[in-house]
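Participant: Contents of query.txt (compact mmCIF, C-alpha atoms and all ligand atoms) are given next:
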# COMPACT_ATOMS: atom_id res chain seq x y z
CA MET A 119 -120.05 -13.09 -22.63
CA GLU A 120 -119.64 -16.00 -20.28
CA MET A 121 -121.80 -15.94 -17.13
CA THR A 122 -120.11 -17.54 -14.16
CA PHE A 123 -120.53 -17.96 -10.40
CA ARG A 124 -117.91 -17.72 -7.68
CA TRP A 125 -117.43 -20.97 -5.80
CA PHE A 126 -115.21 -21.40 -2.76
CA GLY A 127 -114.54 -25.10 -3.11
CA ARG A 128 -116.14 -28.17 -1.55
CA GLN A 129 -114.43 -27.68 1.82
CA PHE A 130 -115.27 -24.01 2.23
CA ASP A 131 -118.56 -23.23 0.48
CA SER A 132 -122.17 -23.82 1.53
CA ILE A 133 -123.10 -24.16 -2.14
CA THR A 134 -122.53 -27.16 -4.38
CA LEU A 135 -121.46 -27.27 -7.99
CA GLN A 136 -124.69 -29.15 -8.72
CA GLN A 137 -126.69 -26.15 -7.47
CA ILE A 138 -124.66 -23.79 -9.62
CA ARG A 139 -125.22 -26.04 -12.63
CA GLN A 140 -128.98 -25.51 -12.24
CA ILE A 141 -128.86 -21.71 -12.54
CA ALA A 142 -130.00 -21.14 -16.11
CA GLY A 143 -127.35 -19.43 -18.18
CA VAL A 144 -124.47 -19.97 -15.77
CA THR A 145 -121.88 -22.06 -17.55
CA GLY A 146 -118.72 -21.58 -15.57
CA VAL A 147 -117.18 -21.30 -12.15
CA ILE A 148 -114.64 -18.89 -10.74
CA THR A 149 -112.60 -20.42 -7.98
CA THR A 150 -109.14 -20.86 -6.53
CA LEU A 151 -107.08 -23.17 -4.36
CA TYR A 152 -108.48 -21.88 -1.10
CA ASP A 153 -105.95 -23.68 1.03
CA SER A 154 -103.01 -22.05 -0.71
CA VAL A 155 -101.03 -19.31 1.00
CA PRO A 156 -100.08 -16.12 -0.86
CA GLY A 157 -96.48 -16.42 -2.03
CA GLU A 158 -96.30 -20.16 -2.63
CA ALA A 159 -96.12 -21.86 -6.04
CA TRP A 160 -99.17 -23.98 -6.84
CA ALA A 161 -98.85 -27.67 -7.55
CA LYS A 162 -100.02 -28.86 -10.93
CA ASP A 163 -101.85 -31.88 -9.48
CA ALA A 164 -103.95 -29.67 -7.23
CA VAL A 165 -104.95 -27.41 -10.12
CA LEU A 166 -105.82 -30.35 -12.34
CA ALA A 167 -107.88 -31.98 -9.59
CA LEU A 168 -109.85 -28.76 -9.07
CA LYS A 169 -110.47 -28.41 -12.78
CA HIS A 170 -111.57 -32.01 -13.03
CA GLU A 171 -114.02 -31.59 -10.16
CA VAL A 172 -115.62 -28.56 -11.82
CA GLU A 173 -115.83 -30.22 -15.21
CA GLU A 174 -117.30 -33.41 -13.75
CA ALA A 175 -120.22 -31.26 -12.60
CA GLY A 176 -120.81 -30.06 -16.16
CA LEU A 177 -119.25 -26.61 -15.65
CA LYS A 178 -116.16 -24.87 -16.97
CA LEU A 179 -113.38 -23.55 -14.77
CA SER A 180 -113.54 -20.10 -16.32
CA GLY A 181 -110.92 -18.35 -14.25
CA ILE A 182 -109.06 -18.09 -10.97
CA GLU A 183 -110.05 -15.54 -8.33
CA SER A 184 -107.58 -14.97 -6.92
CA VAL A 185 -103.96 -15.85 -7.27
CA ASN A 186 -103.11 -13.57 -4.37
CA VAL A 187 -100.00 -11.45 -4.58
CA CYS A 188 -98.04 -11.62 -1.34
CA ASP A 189 -97.10 -8.51 0.60
CA ALA A 190 -93.38 -8.93 -0.20
CA ILE A 191 -94.21 -8.21 -3.85
CA LYS A 192 -96.60 -5.38 -3.04
CA ALA A 193 -94.21 -3.73 -0.63
CA GLY A 194 -91.22 -4.48 -2.89
CA THR A 195 -89.02 -6.10 -0.24
CA ALA A 196 -85.52 -7.38 -1.04
CA ASP A 197 -86.76 -10.95 -1.54
CA ARG A 198 -89.64 -10.08 -3.88
CA ASP A 199 -88.05 -11.76 -6.95
CA GLN A 200 -88.25 -15.12 -5.26
CA TYR A 201 -92.01 -14.66 -4.76
CA ILE A 202 -92.45 -13.39 -8.30
CA ASP A 203 -90.78 -16.61 -9.46
CA HIS A 204 -93.35 -18.58 -7.49
CA TYR A 205 -96.12 -16.53 -9.09
CA ILE A 206 -94.69 -17.27 -12.54
CA LYS A 207 -94.58 -20.98 -11.68
CA THR A 208 -98.24 -20.82 -10.66
CA LEU A 209 -99.16 -19.07 -13.91
CA THR A 210 -97.26 -21.73 -15.84
CA VAL A 211 -99.23 -24.48 -14.14
CA LEU A 212 -102.50 -22.65 -14.86
CA GLY A 213 -101.57 -22.12 -18.49
CA GLN A 214 -100.69 -25.76 -18.88
CA ALA A 215 -104.08 -26.63 -17.38
CA ASP A 216 -105.73 -24.46 -20.06
CA ILE A 217 -106.88 -21.78 -17.62
CA HIS A 218 -106.59 -18.30 -19.10
CA LEU A 219 -108.01 -15.78 -16.64
CA VAL A 220 -106.44 -14.67 -13.35
CA CYS A 221 -107.98 -12.10 -11.02
CA TYR A 222 -105.73 -10.54 -8.36
CA ASN A 223 -105.53 -7.34 -6.37
CA PHE A 224 -102.79 -5.04 -5.19
CA MET A 225 -104.30 -3.84 -1.94
CA PRO A 226 -101.78 -3.72 0.92
CA VAL A 227 -102.29 -5.97 3.97
CA PHE A 228 -105.90 -6.94 3.39
CA ASP A 229 -108.42 -7.02 0.63
CA TRP A 230 -111.85 -5.35 0.54
CA THR A 231 -113.27 -3.75 3.66
CA ARG A 232 -116.82 -3.68 5.06
CA THR A 233 -117.82 -2.44 8.49
CA GLU A 234 -120.99 -4.54 8.78
CA LEU A 235 -121.65 -8.00 7.42
CA ALA A 236 -125.38 -8.12 8.14
CA ARG A 237 -127.06 -4.72 8.05
CA VAL A 238 -130.82 -5.26 8.06
CA ARG A 239 -132.73 -3.67 5.20
CA PRO A 240 -136.44 -2.67 5.30
CA ASP A 241 -137.49 -5.94 3.60
CA GLY A 242 -135.72 -8.02 6.28
CA SER A 243 -132.83 -9.10 4.07
CA THR A 244 -129.31 -8.48 5.33
CA VAL A 245 -126.42 -7.00 3.41
CA MET A 246 -122.81 -6.02 3.85
CA ALA A 247 -122.26 -2.31 4.41
CA TYR A 248 -119.51 0.26 4.75
CA SER A 249 -119.46 3.37 6.85
CA GLN A 250 -116.42 5.63 6.92
CA LYS A 251 -117.47 6.93 10.32
CA ASP A 252 -117.23 3.39 11.73
CA ILE A 253 -113.82 2.84 10.12
CA ASP A 254 -112.53 6.06 11.62
CA ALA A 255 -113.69 4.93 15.05
CA VAL A 256 -112.31 1.39 15.06
CA ASP A 257 -108.84 -0.11 15.12
CA VAL A 258 -108.04 -2.71 12.50
CA GLY A 259 -107.70 -5.56 15.01
CA ARG A 260 -111.20 -4.95 16.34
CA LEU A 261 -112.59 -4.81 12.83
CA PHE A 262 -110.95 -8.12 12.03
CA ASP A 263 -112.44 -9.75 15.14
CA SER A 264 -115.90 -8.48 14.30
CA ILE A 265 -115.59 -9.79 10.71
CA GLN A 266 -114.61 -13.20 12.05
CA GLU A 267 -117.41 -13.24 14.60
CA ASN A 268 -120.09 -12.30 12.07
CA SER A 269 -119.14 -14.41 9.10
CA ASN A 270 -121.35 -17.41 10.02
CA GLY A 271 -118.28 -19.58 10.54
CA TYR A 272 -116.90 -19.03 7.02
CA VAL A 273 -113.51 -17.57 6.20
CA MET A 274 -114.04 -14.31 4.33
CA PRO A 275 -111.79 -13.98 1.27
CA GLY A 276 -109.13 -11.41 1.99
CA TRP A 277 -109.62 -11.67 5.77
CA GLU A 278 -108.01 -15.05 6.35
CA PRO A 279 -106.78 -15.54 9.95
CA GLU A 280 -103.19 -16.18 8.83
CA ARG A 281 -103.23 -12.85 7.04
CA MET A 282 -104.24 -11.11 10.22
CA ALA A 283 -101.91 -13.02 12.51
CA ASP A 284 -99.28 -10.38 12.24
CA THR A 285 -101.10 -7.23 11.27
CA ARG A 286 -98.64 -5.01 13.05
CA LYS A 287 -95.69 -6.45 11.14
CA LEU A 288 -97.59 -6.07 7.90
CA PHE A 289 -98.42 -2.44 8.58
CA GLU A 290 -94.76 -1.88 9.41
CA MET A 291 -93.78 -3.26 5.97
CA TYR A 292 -95.69 -0.42 4.32
CA ARG A 293 -94.39 2.38 6.51
CA GLU A 294 -92.25 3.80 3.72
CA ILE A 295 -94.56 2.87 0.87
CA ASP A 296 -96.59 5.69 -0.59
CA GLU A 297 -98.92 5.42 -3.57
CA GLU A 298 -96.18 6.02 -6.14
CA LYS A 299 -93.92 3.33 -4.66
CA LEU A 300 -96.80 0.86 -4.53
CA TYR A 301 -97.62 1.70 -8.14
CA GLN A 302 -94.00 1.12 -9.21
CA ASN A 303 -94.03 -2.23 -7.42
CA LEU A 304 -97.14 -3.18 -9.36
CA ILE A 305 -95.47 -2.24 -12.65
CA TYR A 306 -92.36 -4.23 -11.71
CA PHE A 307 -94.55 -7.25 -10.98
CA LEU A 308 -96.57 -6.91 -14.19
CA LYS A 309 -93.48 -6.58 -16.38
CA ALA A 310 -92.08 -9.73 -14.80
CA VAL A 311 -95.20 -11.83 -15.39
CA MET A 312 -96.12 -10.63 -18.89
CA PRO A 313 -93.83 -13.11 -20.74
CA VAL A 314 -95.48 -16.16 -19.14
CA CYS A 315 -98.92 -14.61 -19.71
CA ASN A 316 -98.07 -14.18 -23.37
CA GLN A 317 -96.75 -17.69 -23.62
CA TYR A 318 -99.97 -19.23 -22.28
CA ASP A 319 -102.42 -16.49 -23.20
CA ILE A 320 -103.30 -15.74 -19.58
CA LYS A 321 -105.25 -12.56 -19.01
CA MET A 322 -104.34 -10.83 -15.75
CA ALA A 323 -107.32 -8.89 -14.42
CA ILE A 324 -106.55 -6.58 -11.52
CA HIS A 325 -109.38 -6.08 -9.06
CA PRO A 326 -110.03 -2.50 -7.96
CA ASP A 327 -109.49 -1.40 -4.40
CA ASP A 328 -112.62 -1.61 -2.31
CA PRO A 329 -113.59 0.92 -1.15
CA ALA A 330 -111.88 3.01 -3.82
CA TRP A 331 -109.87 5.11 -1.38
CA SER A 332 -107.24 4.68 1.29
CA VAL A 333 -108.28 2.94 4.52
CA PHE A 334 -106.29 2.79 7.77
CA GLY A 335 -103.69 5.05 6.17
CA LEU A 336 -102.55 2.38 3.70
CA PRO A 337 -101.89 3.43 0.10
CA ARG A 338 -104.42 2.36 -2.51
CA ILE A 339 -103.84 2.78 -6.23
CA ILE A 340 -106.52 1.02 -8.28
CA THR A 341 -109.22 3.48 -7.49
CA SER A 342 -110.08 5.60 -10.53
CA LYS A 343 -110.16 5.63 -14.31
CA ASP A 344 -107.05 7.79 -14.68
CA LYS A 345 -104.93 5.66 -12.39
CA ILE A 346 -106.02 2.49 -14.13
CA LEU A 347 -105.40 3.90 -17.59
CA ARG A 348 -101.91 4.91 -16.51
CA MET A 349 -101.22 1.31 -15.48
CA LEU A 350 -102.74 -0.14 -18.66
CA LYS A 351 -100.64 2.19 -20.79
CA GLU A 352 -97.41 1.63 -18.93
CA VAL A 353 -97.63 -2.13 -19.45
CA ASN A 354 -99.39 -1.96 -22.75
CA ASP A 355 -100.11 -5.61 -23.34
CA VAL A 356 -103.60 -7.06 -23.72
CA HIS A 357 -102.70 -9.60 -21.01
CA ASN A 358 -102.48 -6.73 -18.56
CA GLY A 359 -106.15 -6.05 -17.98
CA VAL A 360 -108.74 -5.37 -15.35
CA THR A 361 -111.59 -6.86 -13.42
CA PHE A 362 -114.29 -4.26 -13.77
CA CYS A 363 -116.00 -4.47 -10.38
CA THR A 364 -118.93 -2.05 -10.33
CA GLY A 365 -119.34 -2.24 -6.57
CA SER A 366 -115.69 -1.35 -5.94
CA TYR A 367 -115.16 1.46 -8.47
CA GLY A 368 -118.69 2.58 -7.81
CA SER A 369 -118.03 3.00 -4.07
CA ASN A 370 -116.55 6.36 -5.04
CA LEU A 371 -119.39 8.37 -6.51
CA ASP A 372 -116.88 10.43 -8.52
CA ASN A 373 -116.20 7.36 -10.68
CA ASP A 374 -118.43 7.29 -13.75
CA LEU A 375 -118.94 3.59 -14.41
CA VAL A 376 -120.21 3.82 -17.98
CA ASP A 377 -117.48 6.21 -19.05
CA SER A 378 -114.80 4.04 -17.38
CA ILE A 379 -116.01 0.91 -19.19
CA HIS A 380 -115.65 2.69 -22.53
CA ALA A 381 -112.24 4.06 -21.56
CA MET A 382 -110.95 0.58 -20.67
CA LYS A 383 -112.34 -0.99 -23.83
CA GLY A 384 -110.53 -4.17 -24.84
CA ARG A 385 -108.79 -4.48 -21.47
CA ILE A 386 -111.75 -5.58 -19.31
CA HIS A 387 -111.32 -9.32 -19.06
CA PHE A 388 -113.59 -9.99 -16.12
CA ALA A 389 -116.66 -8.16 -14.82
CA HIS A 390 -118.12 -8.27 -11.31
CA VAL A 391 -121.51 -6.65 -11.59
CA ARG A 392 -123.44 -5.57 -8.50
CA ASN A 393 -125.40 -2.65 -7.18
CA LEU A 394 -124.89 -0.32 -4.21
CA LYS A 395 -127.30 1.84 -2.26
CA PHE A 396 -125.86 5.02 -0.81
CA ASN A 397 -127.12 6.62 2.37
CA SER A 398 -124.45 9.30 2.03
CA ARG A 399 -121.22 9.54 0.05
CA ASP A 400 -119.34 7.48 2.59
CA ASP A 401 -122.05 5.18 3.88
CA PHE A 402 -123.25 2.55 1.46
CA GLU A 403 -124.79 -0.89 1.54
CA GLU A 404 -124.90 -3.69 -1.00
CA ALA A 405 -128.30 -3.80 -2.67
CA ALA A 406 -129.98 -6.42 -4.85
CA HIS A 407 -128.65 -6.46 -8.41
CA TYR A 408 -131.91 -4.94 -9.69
CA SER A 409 -131.31 -1.27 -10.65
CA LEU A 410 -134.14 0.24 -8.64
CA ASP A 411 -133.01 -1.44 -5.43
CA GLY A 412 -129.82 0.63 -5.43
CA ASP A 413 -128.22 3.63 -7.08
CA PHE A 414 -126.60 2.12 -10.18
CA ASP A 415 -128.22 1.81 -13.59
CA MET A 416 -127.50 -1.83 -14.31
CA TYR A 417 -128.94 -1.60 -17.82
CA ALA A 418 -126.51 1.22 -18.64
CA ILE A 419 -123.61 -0.80 -17.21
CA MET A 420 -124.47 -3.93 -19.18
CA LYS A 421 -125.05 -1.86 -22.31
CA ALA A 422 -121.68 -0.14 -21.92
CA LEU A 423 -120.04 -3.56 -21.65
CA TYR A 424 -121.88 -4.71 -24.76
CA ASP A 425 -121.19 -1.53 -26.75
CA SER A 426 -117.50 -1.60 -25.90
CA GLY A 427 -117.26 -5.12 -27.29
CA PHE A 428 -116.84 -6.91 -23.95
CA ASP A 429 -116.61 -10.61 -24.58
CA GLY A 430 -115.14 -11.83 -21.33
CA VAL A 431 -116.15 -13.59 -18.18
CA ILE A 432 -118.76 -12.00 -15.93
CA ARG A 433 -120.27 -12.91 -12.60
CA PRO A 434 -122.92 -11.59 -10.27
CA ASP A 435 -121.20 -10.25 -7.20
CA HIS A 436 -122.12 -10.00 -3.54
CA GLY A 437 -125.75 -10.76 -2.88
CA ARG A 438 -128.09 -10.04 0.00
CA SER A 439 -128.87 -12.76 2.48
CA ILE A 440 -132.53 -13.68 1.79
CA TRP A 441 -135.09 -16.40 2.47
CA GLY A 442 -133.30 -17.47 5.64
CA GLU A 443 -130.17 -18.69 3.88
CA VAL A 444 -127.09 -19.00 6.07
CA SER A 445 -123.87 -18.70 4.08
CA MET A 446 -120.68 -16.75 3.82
CA PRO A 447 -121.86 -13.11 3.90
CA GLY A 448 -122.32 -11.83 0.36
CA TYR A 449 -121.91 -15.27 -1.16
CA GLY A 450 -125.17 -17.12 -0.67
CA LEU A 451 -126.89 -18.98 -3.47
CA TYR A 452 -130.31 -17.33 -3.72
CA ASP A 453 -129.61 -13.67 -4.29
CA ARG A 454 -126.62 -14.25 -6.51
CA ALA A 455 -128.68 -16.68 -8.64
CA LEU A 456 -131.32 -13.96 -8.97
CA GLY A 457 -128.52 -11.57 -9.90
CA ALA A 458 -127.15 -13.89 -12.59
CA SER A 459 -130.62 -14.31 -14.10
CA TYR A 460 -131.27 -10.58 -14.05
CA LEU A 461 -127.93 -9.79 -15.71
CA ASN A 462 -128.53 -12.52 -18.29
CA GLY A 463 -131.96 -11.01 -18.97
CA LEU A 464 -130.52 -7.55 -19.49
CA TRP A 465 -127.85 -8.97 -21.78
CA GLU A 466 -130.35 -10.93 -23.88
CA ALA A 467 -132.49 -7.83 -24.33
CA ILE A 468 -129.46 -5.74 -25.32
CA VAL A 469 -128.23 -8.37 -27.79
CA LYS A 470 -131.67 -8.73 -29.38
CA SER A 471 -132.35 -5.03 -29.55
CA ASN A 472 -129.12 -4.77 -31.49
CA GLY A 473 -130.57 -7.19 -34.02
CA LYS A 474 -128.41 -10.09 -32.98
CA GLU A 475 -130.36 -13.23 -32.16
CA ARG A 476 -128.66 -15.70 -29.89
CA ARG A 477 -128.04 -19.09 -31.40
CA LYS A 478 -130.99 -21.35 -30.59
CA ARG A 479 -130.36 -24.42 -28.50
CA ASN A 480 -130.93 -27.73 -30.26
C1 LIG A 501 -114.68 -9.76 -2.48
C2 LIG A 501 -113.90 -9.94 -3.71
C3 LIG A 501 -112.44 -9.70 -3.51
C4 LIG A 501 -111.68 -10.09 -4.75
C5 LIG A 501 -110.21 -9.85 -4.68
C6 LIG A 501 -109.53 -10.16 -5.98
O1 LIG A 501 -115.72 -10.30 -2.36
O2 LIG A 501 -114.41 -9.18 -4.75
O3 LIG A 501 -112.00 -10.47 -2.43
O4 LIG A 501 -111.86 -11.45 -4.96
O5 LIG A 501 -109.94 -8.53 -4.36
O6 LIG A 501 -108.19 -10.43 -5.76
As structure tokens - that is how I would like this structure written.

Facilitator:
Amino acid sequence: MEMTFRWFGRQFDSITLQQIRQIAGVTGVITTLYDSVPGEAWAKDAVLALKHEVEEAGLKLSGIESVNVCDAIKAGTADRDQYIDHYIKTLTVLGQADIHLVCYNFMPVFDWTRTELARVRPDGSTVMAYSQKDIDAVDVGRLFDSIQENSNGYVMPGWEPERMADTRKLFEMYREIDEEKLYQNLIYFLKAVMPVCNQYDIKMAIHPDDPAWSVFGLPRIITSKDKILRMLKEVNDVHNGVTFCTGSYGSNLDNDLVDSIHAMKGRIHFAHVRNLKFNSRDDFEEAAHYSLDGDFDMYAIMKALYDSGFDGVIRPDHGRSIWGEVSMPGYGLYDRALGASYLNGLWEAIVKSNGKERRKRN
């Protein structure tokens, strides 16, 4: 298991690599080229410079989150092959730079959705929250404006202004796309990228849809164990894997996290581990990682990962905003560092209780 931390790059993050380096047990960074636009091929120099910067700080570049898939590929438009070629070029550059993990998602138009970026909890911390009632009452443009206004000046991943510039056109692109068509477009994409992934041993790790159901009438397909197993079977290559995000799958209380981890054994290449607190089935907020602060049993989740032989990259996920920190919502230093330490503690206890001592440091 390799504990990592998401970092948004020097230009876009409030946190430095030097701070990340000081979190005990965090050895790597998950990042991306944040000034790239979905659909373009990445330049090798830019990737190498990013890798060099991370390594100079004594950390490993453990994976890319995300190489975004552009809407032409998701919607399967006539020019999708050209964009798939760009994606293959990007994967080639990553493989040549010795980077072997790529997280991506297949959510139409935008990425994850929250209705509040700073809901106040009883202890005074603030967290991101989702309420279906609020989604049903708002139009997507207004939601986008409120996300921009409340993100402390940071650009939220998945809600970039350029992505929202033409929301109407984007929605139009998906008018004829139902879940099955979107699924077939995903399979088409995966089949096209598998050869380059095999060549460079790049593990593709699809991120689940968040929340794990359709929003604003758009189709969503990476929402449950059965749907994911169908996709893993149809492109049955170890390089076609998943990001197991507990907060995303777990948003649907019908999803059994422990059972899903076992079912996806060997295909979970990346884990995002965080906790949620439910006020009702369709109103939840992001809690501290600690089990008793939310509704998930984090010990059981970490144990399921261990028992299923998980040996991939893991990171704490969204944290609360605490101790007065101002950062991109969900991505401050303090609560995620606490999360990483807590998850490392659980892991150490699980490893040792299985009779396996960790190698001592010299
Ligand atoms: C939100 C993240 C997502 C994730 C993408 C992966 O905080 O978990 O934006 O990075 O869905 O492509």

Participant: Counting only C-alpha atoms and all ligand atoms, which residues of chain A sit at most 8 Å from some atom of ligand LIG 501 (chain A), and what is each one's closest atom pair with its distance in Å to one decimal, listed by chain and rising residue number, as a tab-separated table?

Facilitator:
residue	atom	partner	partner_atom	distance
A:Glu183	CA	A:LIG501	O4	5.6
A:Ser184	CA	A:LIG501	O6	4.7
A:Val185	CA	A:LIG501	O6	7.0
A:Asn186	CA	A:LIG501	O6	6.1
A:Cys221	CA	A:LIG501	O6	5.5
A:Tyr222	CA	A:LIG501	O6	3.6
A:Asn223	CA	A:LIG501	O6	4.1
A:Phe224	CA	A:LIG501	O6	7.7
A:Met225	CA	A:LIG501	O5	7.7
A:Asp229	CA	A:LIG501	O5	5.4
A:Trp230	CA	A:LIG501	O3	5.9
A:Met274	CA	A:LIG501	O1	8.0
A:Pro275	CA	A:LIG501	O3	5.1
A:Gly276	CA	A:LIG501	O3	5.4
A:Ile324	CA	A:LIG501	O6	7.1
A:His325	CA	A:LIG501	C6	5.1
A:Pro326	CA	A:LIG501	O5	7.0
A:Asp327	CA	A:LIG501	O5	7.1
A:Asp328	CA	A:LIG501	O5	7.7
A:Cys363	CA	A:LIG501	O2	7.5
A:His390	CA	A:LIG501	O2	7.6
A:Asp435	CA	A:LIG501	O2	7.3
A:His436	CA	A:LIG501	O1	6.5
A:Gly448	CA	A:LIG501	O1	7.3

Participant: Once you count only C-alpha atoms, which residues end up no further than 7 Å from (-121.4, 0.5, -13.8) in the file's frame, shown as an mmCIF file with C-alpha atoms, in the coordinates of the input?

Facilitator:
data_model
loop_
_atom_site.group_PDB
_atom_site.id
_atom_site.type_symbol
_atom_site.label_atom_id
_atom_site.label_comp_id
_atom_site.auth_asym_id
_atom_site.auth_seq_id
_atom_site.Cartn_x
_atom_site.Cartn_y
_atom_site.Cartn_z
ATOM 1 C CA THR A 364 -118.930 -2.050 -10.330
ATOM 2 C CA GLY A 368 -118.690 2.580 -7.810
ATOM 3 C CA LEU A 375 -118.940 3.590 -14.410
ATOM 4 C CA VAL A 376 -120.210 3.820 -17.980
ATOM 5 C CA PHE A 414 -126.600 2.120 -10.180
ATOM 6 C CA ASP A 415 -128.220 1.810 -13.590
ATOM 7 C CA MET A 416 -127.500 -1.830 -14.310
ATOM 8 C CA ILE A 419 -123.610 -0.800 -17.210
#

Participant: Show which residues sit within 8 Å of A:Val431, as a VMD selection string. Count only C-alpha atoms, and ignore same-chain residues fewer than 6 positions away.

Facilitator: chain A and resid 119 to 122 180 387 to 389

Participant: Using atom CA of A:Arg239 and atom CA of A:Glu403 as the two end points, give the distance in Å to one decimal.

Facilitator: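 According to the coordinates, atom CA of A:Arg239 and atom CA of A:Glu403 are separated by 9.2 Å.
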
Participant: Could you name the residues that touch stretch 282-285 of chain A at 10 Å or less, counting only C-alpha atoms, but leaving out those on the same chain fewer than 3 positions away, as a PDB file with C-alpha atoms, in the coordinates of the input?

Facilitator:
ATOM      1  CA  VAL A 227    -102.290  -5.970   3.970  1.00  0.00           C
ATOM      2  CA  PHE A 228    -105.900  -6.940   3.390  1.00  0.00           C
ATOM      3  CA  VAL A 258    -108.040  -2.710  12.500  1.00  0.00           C
ATOM      4  CA  GLY A 259    -107.700  -5.560  15.010  1.00  0.00           C
ATOM      5  CA  PHE A 262    -110.950  -8.120  12.030  1.00  0.00           C
ATOM      6  CA  ASP A 263    -112.440  -9.750  15.140  1.00  0.00           C
ATOM      7  CA  GLY A 276    -109.130 -11.410   1.990  1.00  0.00           C
ATOM      8  CA  TRP A 277    -109.620 -11.670   5.770  1.00  0.00           C
ATOM      9  CA  GLU A 278    -108.010 -15.050   6.350  1.00  0.00           C
ATOM     10  CA  PRO A 279    -106.780 -15.540   9.950  1.00  0.00           C
ATOM     11  CA  LEU A 288     -97.590  -6.070   7.900  1.00  0.00           C
ATOM     12  CA  PHE A 289     -98.420  -2.440   8.580  1.00  0.00           C
ATOM     13  CA  GLU A 290     -94.760  -1.880   9.410  1.00  0.00           C
ATOM     14  CA  MET A 291     -93.780  -3.260   5.970  1.00  0.00           C
TER      15      MET A 291
END

Participant: Quick one: residues within 9 Å of A:Arg198, all atoms listed in the file counted, chain neighbours fewer than 6 positions away excluded, as an NGL selection string?

Facilitator: :A and (188-192)

Participant: With distances taken over all atoms listed in the file, which of A:Leu177, A:Ala467, A:Ile202, A:Met349 is nearest to A:Tyr424?

Facilitator: A:Ala467

Participant: Interatomic distance between atom CA of A:Val391 and atom CA of A:Pro434?

Facilitator: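 Distance reported for this atom pair: 5.3 Å.
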
Participant: From the list A:Asp131, A:Asp344, A:Asp413, A:Glu466, which residue is nearest A:Gly271 when using all atoms listed in the file?

Facilitator: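 Closest to A:Gly271, using all atoms listed in the file: A:Asp131.
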
Participant: Between atom CA of A:Pro447 and atom CA of A:Gln140, what is the spacing in Å?

Facilitator: 21.6 Å
